[in-house]
Every structure is written in structure tokens, then in C-alpha cells.
Amino acid sequence: MRYVVMLRGVNVGGRNKVPMAALVTLLSSEFDNVRTYIQSGNVVLDASMTSAEVCQWVERTLPQTFELDGSVIRALVLDRAEFREVVEQAPHDFGSDDATYRYDVGFFVGIGPDDVRPFVAVNPDVDVVTWGTRAFYHRRITALASRSRVSKIIGTPVYPSLTLRNWRTTSTLARLLDED
């Protein structure tokens, strides 16, 4: 089975540094066809394990191997169908106007949209948030990004159960899932 593994809490703000080459080496000891995308903990790999087993292995092994703060490390492991569902649930024109908007996807890690919805504030002049079953989709006007209220989710009880990716990264991971 091919999976996308998104790591939460690595290589953010100079904390929990994990070199991607070392990550590939570590993951290749247990999984096949391991590829990373950019430095923020995006991995595509093949495994004979279930997604839950891959998640457990990653969350247990990374902090031990790289001496990380394991309390903030989370892994979201999605198979092709689950990841494709996230991409397909994005609004029709999501990601189509990079000159005007910034596009982000907030993936749910062990929670659902009803858990997150109360904590997402929007500025109706700047933000648009659309809800899917595995993620929310945030579009904000680039020129007014400093007025966005979505970042207020940081520090809320649900923030540790989210991992955020921009739309370009999300789209690239979808393409990597389909490569042989």
C-alpha cells in the first residue's frame, strides 16, 4: 500500500530538526520507495503495514532516532483513496489564482470537522473556509493576509491535532502518490 505521511512538529521554527536525507534512510529501513518533499516532513512511501501501524512506527521511532520533543510530533498517514478524497473535496477553483490568494489545507489528525469548526475564526473580508471530512480548506486574500483570523487557531485545544500544508504541497503529494 502506498501512503502519504505528513509529520507535524518537525523542522518548524528551528525546532525538532530532521534532515530529510536522514529521514529517508531511517524510513527506508522499514518501508519501500521512500520519497520526501521539501523540508517540512512530507513523505510518500510503500508499506505492507496498515496506516495505523505506519503511524505508530513513525511516532515511536522518530523521537528516539532524532532526539525530538515527542510530545509535539504527530504523524498523519493517509492511503491513496483517503488523500484523493481530501484533494477532491477542495472547492472547485481552489488553488487557481496564486496571484490573488494564499491557499492552505488543514488536515485533521485524529479528530473531525465538528471538533475543529468552533475554533476557526474568519474575517469575512479576507478569509474563506470550506469544510471536508478529513481537512478544511482556507483561502485568504494575499494583500490582506495580515488581517486573516484563521491563525487564531494556534494555541487552541485542537491545534495539536491539525497539520497544515499549502495547496501546492498538497497537490504535489497527490502526484507523488500516483508515480511508480
# chains A, B, ... in the order shown; residues from 1 in each chain; ligands from 1

$ select_by_dssp --residues "stretch 43-166 of chain A" --states "helix (DSSP H, G or I)" --output "PyMOL selection string"
chain A and resi 51-66+80-88+113-119+142-147+150-153+159-161

$ closest_atom_pairs --of "stretch 85-135 of chain A" --to "stretch 1-17 of chain A" --cutoff "12 Å" --atoms "only C-alpha atoms" --output "tab-separated table"
residue	atom	partner	partner_atom	distance
A:Val86	CA	A:Val4	CA	11.9
A:Gly106	CA	A:Arg8	CA	11.4
A:Phe107	CA	A:Met6	CA	9.3
A:Phe108	CA	A:Met6	CA	11.0
A:Val109	CA	A:Arg8	CA	9.3

$ atom_distance --atom1 "atom CA of A:Thr169" --atom2 "atom CA of A:Arg140"
16.8 Å

$ residues_around --residues "A:Pro19" --least-positions-apart "4" --cutoff "12 Å" --atoms "only C-alpha atoms" --output "ChimeraX atom specification"
/A:10-11,14-15,23-26,36-42,62,65-66

$ closest_residue --among "A:Val77, A:Val120, A:Ala143, A:Val34" --to "A:Trp57" --atoms "only C-alpha atoms"
A:Val77
